[in-house]
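As structure tokens, the structure follows; a few thoughts come after it.
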Amino acid sequence: MKEQVMEYASGNEMAAIAIKQIRYDLMGYYPITPSTQIAENLDIMRANGETDMVMVAAEGEHSAAGICYGASVAGGRVINATSANGLLYALEQFPVQSGTRYPMVMNVVCRTVSGPLSIKGDHSDIMYLLNTGWPILFAATVQQVYDFNIIALKLAEQVRLPVVVAYDGFFTSHQKGRCYRFASDQAVRDYIGEKQEKYPFLDLEHPITVGSYMNEPDLINNRYQLHLAMEEADQLLPQLFASYEEISGRAYGKVEGLGCDKAKSTLVLLGSSYDTALETVEEMQKDGEEVGVATLHVLRPFPGKELTELVGHSENILVADRQDSYGAGGGNLSLEVRAAMQKFGFATKIKSLVYGLGGKDFFQEDVRAMLAWAQDPSKPDFAYYGVTPGKGGEEKEEPLFAPVTGERTHIGAGGNLNAVTAMPGRIAPGHGACPGCGIPVNLNLLLRGIEDPVVFLFQTGCAMIVTTAYPKTSFKVPYLHNLFQNGAATLSGVAEICYRKQQKGEIPPGDIVFVMVSGDGGLDIGMGSALGTALRGHRLLIFEYDNGGYMNTGYQLSYSTPLGARSSTSHVGKAQYGKTFLHKDMPGIMAATGIPYVATVAESNPVDFMKKAAKAAHYAKTQGTAYVKAISACPLNWNDKPATERRVIEAAVNCCYFPLYEVEQGVTKLSYDPEKTGKKIPVLNWLSMMGRTKHLQKAEYQEVVQRLQQEIDARFQKLKNR
């Protein structure tokens, strides 16, 4: 055995420790709860000089998967981490990597797949990977997360396949426990060994082509080789578990169980629920009950032989799934268990329950109830466990607020600051935003300038989360949510059907302003959708509140985060100074599409804000896509005081980091010139007002500030030239 030390850590923290010890070359990633902490912890290590791994923050999970694929083709050791809809967004990339046989490891921190949106843990994401050709290890404990990350890379490189390490979001990922890690990083690297490349891609003397176009019979041969590689993984795993036991003292198998050989009723389940079930079964056995429990540490290749040998002699088996394969009469685990039992000649009665969706807690009384269900002939073979019955009936409830119709919003204010106070609110007073949050301020200023009825689409983000916690809503107007990456395209579909129904006389004619609200980095991952919508010219308004980070997942860097700013994926340390690249000019990008109206606004200039909102609404109704961007305060993550945010926003405008201008029909007009008013300030004055950038006042970061100042001055001069 190699020397080990105890840690009190979470699954995400132990994954990061294993990744650091392995010394990967690159991590391509995109923040998504609950896997984000892996990248965050690694960035802390990188800032402190504990790892020199290249970390590439992609603009979305699809690109992150592509970055990882390219790096693995080039011969690097590569790691990724994702969850839920992020996994689905990248899904098409995973068969590409397994089909061309390039190894890597990806941690999947299992979470509910939307919609409706939920960030809690279940297994509805991991089951989508079953047919992608990736071996899948499933860790039930924090210790197993660490151990399986090490075993996974050795497996990946020996069979030349990418491998997943899966574990439960928030249960295993965030809950801390006592576990062990190797004291020496070298012990980990010695176990894995040096990477061997049979066909090095960067050998320019022997060039190869990767990913050729294939017809029959080559394609079926390729798939057969993939099948053989998975069979090789199946045979290799016991050897890897045994060799790992030699250096760690921890024994693993493809499956694990207690009391299954003598049990009348056995419960089979995955992940962190196993610990609860194990403890309960031990207590029940002490009381003389003949019960057992089993779990799987490997989902692919599916350990059918080992599992049936373990549980096949039970009189009754209940498989509990934290997801459903809708229409199949059970979740994927139950379907696999049924197939394996038939294949290996067992006629045991099997029942299936779907439980624990959306992170619903799992208690000892649930274990007892499930084991009783297994042997009760009156209980159905398949059901949902833990469903809360509704009240029944089809009574239509009266609305809490009077509808905000066009008759109520056409007040003829024309941007007049006093007159707009008569505008009825489209957003109710109640929401869950942090004190000082700029989102409700900016939304209300936008709506003060729009006198037509509005239909909202919100991308995922703080604005959506704090206003629509079920069963309540803050909206008095039609509202729709879709994910980060597809908001603009979704709203364009809504708008086109509305216009069509108006033309056909199916709904009343009249102006409606369709507004997509984005922020929290939504126009990083969603930029492609927004640009496509703009280029097609759909009549709608895209409103971006720019709070300079992925705030709803704990402030990771976005492409609009200022250079040098501290975030949870751009830490400050002896080897890192914060975000390393410049902020994105999204208004300039949108203007380049040729849309009729682009504008920037700030709450420090409210009259200008409302007049531009009115203009944007006009163009969105009559000509095509309009885009408005507001700088939006986030006291929690900017690390300043809510009461000072108006001054912080004003400083961002006066230092020209966030200039106020509009591009109307291709003509650029500066709305406010701080140089002419004598209010222009150095960018460092603004940076020093926020905790996230206060470190830039130090002399050691002078070059970073100079680089940002030069870029701001250059952009402002180009803007004035236009």
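Letters for chains follow the order of the structure tokens (A, B, ...), residue numbers begin at 1 for each chain, and ligand numbers begin at 1 in the order shown.
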
Need to verify the contact set: A:Glu59, 8 Å, only C-alpha atoms, exclusion of same-chain residues closer than 5 positions in sequence. Can you return it as a PDB file with C-alpha atoms, in the first residue's frame?
```pdb
ATOM      1  CA  TYR A  30     -18.587  25.190 -18.908  1.00  0.00           C
ATOM      2  CA  ALA A  64     -16.333  22.290 -24.098  1.00  0.00           C
ATOM      3  CA  ASP A 524     -22.126  33.409 -24.263  1.00  0.00           C
ATOM      4  CA  ILE A 525     -23.689  29.983 -24.599  1.00  0.00           C
ATOM      5  CA  SER A 558     -18.214  34.922 -18.387  1.00  0.00           C
ATOM      6  CA  TYR A 559     -17.004  36.494 -21.586  1.00  0.00           C
TER       7      TYR A 559
END
```

(request) Check stretch 447-560 of chain A with DSSP on the backbone and list each residue it calls strand (DSSP E or B), as number ranges by chain. (result) A: 454-459, 475, 479-482, 513-519, 541-546, 550, 556

(request) Write out as a PyMOL selection string which residues come within 6 Å of A:Leu483 when counting only C-alpha atoms, dropping same-chain ones fewer than 3 positions away. (result) chain A and resi 459-460+486

Per-residue nearest contacts stretch 129-178 of chain A to stretch 231-237 of chain A, cut-off 8 Å, using only C-alpha atoms, as a tab-separated table:
```
residue	atom	partner	partner_atom	distance
A:Pro135	CA	A:Ala233	CA	7.6
A:Leu155	CA	A:Ala233	CA	7.0
A:Val159	CA	A:Ala233	CA	6.3
```

Determine, using only C-alpha atoms, which residues of stretch 533-595 of chain A have any atom at most 7 Å from an atom of stretch 599-621 of chain A, and tabulate each with its shortest atom pair and distance in Å to one decimal place, rows ordered by chain and then rising number, as a Markdown table.
```
| residue | atom | partner | partner_atom | distance |
| --- | --- | --- | --- | --- |
| A:Arg539 | CA | A:Ala620 | CA | 4.7 |
| A:Leu540 | CA | A:Ala620 | CA | 4.6 |
| A:Leu541 | CA | A:Ala620 | CA | 5.5 |
```

(request) Identify which of the residues A:Gln702, A:Gln709, A:Gln697, A:Ser671 lies closest to A:Cys655, counting only C-alpha atoms when measuring atom-to-atom distances. (result)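 Looking at the shortest contact to A:Cys655, the residue is A:Gln709.
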
(message) Can you tell me which residues surround A:Glu650 at a distance of at most 12 Å, considering only C-alpha atoms, apart from same-chain residues fewer than 4 positions away, and format the answer as JSON, numbers by chain?
(response) {"A": [601, 602, 603, 604, 605, 606, 631, 632, 633, 644, 645, 646, 654, 655, 656, 657, 658, 659, 660, 672, 674, 679, 680, 681, 683, 685, 686, 689]}

Those same residues, written as a PDB file, in the first residue's frame with C-alpha atoms?
```
ATOM      1  CA  VAL A 601     -28.230  51.729 -21.352  1.00  0.00           C
ATOM      2  CA  ALA A 602     -27.502  52.248 -17.654  1.00  0.00           C
ATOM      3  CA  GLU A 603     -29.662  52.933 -14.622  1.00  0.00           C
ATOM      4  CA  SER A 604     -27.479  55.972 -13.883  1.00  0.00           C
ATOM      5  CA  ASN A 605     -29.026  57.619 -16.973  1.00  0.00           C
ATOM      6  CA  PRO A 606     -32.724  56.670 -16.633  1.00  0.00           C
ATOM      7  CA  ILE A 631     -24.923  47.090 -17.210  1.00  0.00           C
ATOM      8  CA  SER A 632     -26.464  45.422 -14.177  1.00  0.00           C
ATOM      9  CA  ALA A 633     -25.171  45.451 -10.605  1.00  0.00           C
ATOM     10  CA  THR A 644     -23.572  52.319  -3.642  1.00  0.00           C
ATOM     11  CA  GLU A 645     -24.496  50.475  -6.848  1.00  0.00           C
ATOM     12  CA  ARG A 646     -25.858  53.521  -8.685  1.00  0.00           C
ATOM     13  CA  ASN A 654     -17.687  57.552 -16.898  1.00  0.00           C
ATOM     14  CA  CYS A 655     -14.543  55.459 -17.354  1.00  0.00           C
ATOM     15  CA  CYS A 656     -15.948  54.361 -20.754  1.00  0.00           C
ATOM     16  CA  TYR A 657     -15.860  50.680 -19.821  1.00  0.00           C
ATOM     17  CA  PHE A 658     -19.585  50.775 -20.589  1.00  0.00           C
ATOM     18  CA  PRO A 659     -20.188  53.610 -23.067  1.00  0.00           C
ATOM     19  CA  LEU A 660     -23.756  54.721 -23.786  1.00  0.00           C
ATOM     20  CA  TYR A 672     -23.197  60.489 -23.505  1.00  0.00           C
ATOM     21  CA  PRO A 674     -17.884  61.817 -20.289  1.00  0.00           C
ATOM     22  CA  LYS A 679     -16.423  63.443 -15.882  1.00  0.00           C
ATOM     23  CA  LYS A 680     -14.131  60.898 -17.529  1.00  0.00           C
ATOM     24  CA  ILE A 681     -12.192  58.850 -14.959  1.00  0.00           C
ATOM     25  CA  VAL A 683     -10.765  52.616 -15.252  1.00  0.00           C
ATOM     26  CA  ASN A 685     -11.204  54.303 -10.210  1.00  0.00           C
ATOM     27  CA  TRP A 686     -14.103  52.046 -11.155  1.00  0.00           C
ATOM     28  CA  MET A 689     -14.982  50.346  -6.045  1.00  0.00           C
TER      29      MET A 689
END
```

Taking 3 positions as the minimum chain separation for residues in the same chain, which residues sit within 8 Å of stretch 200-209 of chain A when counting only C-alpha atoms? Answer as a PDB file with C-alpha atoms, in the first residue's frame.
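Below you can see result26.pdb, which holds the result:
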```pdb
ATOM      1  CA  VAL A  73      -6.741  13.753 -30.384  1.00  0.00           C
ATOM      2  CA  ALA A  74      -3.596  15.877 -30.058  1.00  0.00           C
ATOM      3  CA  GLY A  75      -2.339  13.493 -27.375  1.00  0.00           C
ATOM      4  CA  GLU A 197      -0.024   6.743 -28.312  1.00  0.00           C
ATOM      5  CA  SER A 212     -13.052   9.708 -42.076  1.00  0.00           C
TER       6      SER A 212
END
```

Tell me, as an mmCIF file with C-alpha atoms, in the first residue's frame, which residues lie within 8 Å of A:Thr533, counting only C-alpha atoms; anything in the same chain fewer than 6 positions away does not count.
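That gives us part.cif:
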```cif
data_model
loop_
_atom_site.group_PDB
_atom_site.id
_atom_site.type_symbol
_atom_site.label_atom_id
_atom_site.label_comp_id
_atom_site.auth_asym_id
_atom_site.auth_seq_id
_atom_site.Cartn_x
_atom_site.Cartn_y
_atom_site.Cartn_z
ATOM 1 C CA ALA A 488 -33.798 33.760 -28.982
ATOM 2 C CA ALA A 489 -34.732 30.950 -31.374
ATOM 3 C CA SER A 492 -38.728 33.771 -32.636
ATOM 4 C CA THR A 625 -34.603 42.280 -34.191
#
```

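Residue neighbourhood of A:Ile32, excluding near-sequence residues (fewer than 2 positions): Tyr29, Tyr30, Pro34, Ser35, Thr36, Gln37, Gly60, Glu61, Ala81, Thr82, Ser83, Ala84, Asn85, Gly86, Leu87, Val109, Ile119, Tyr550, Asn552, Thr553, Gly554 and Gln556 of chain A, at 10 Å, using only C-alpha atoms.
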
(request) Could you tell me which of A:Thr266, A:Asn639, A:Gln4, A:Ser560 comes closest to A:Leu582 if we count only C-alpha atoms? (result)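 Checking each candidate against A:Leu582, we get A:Ser560 as the closest.
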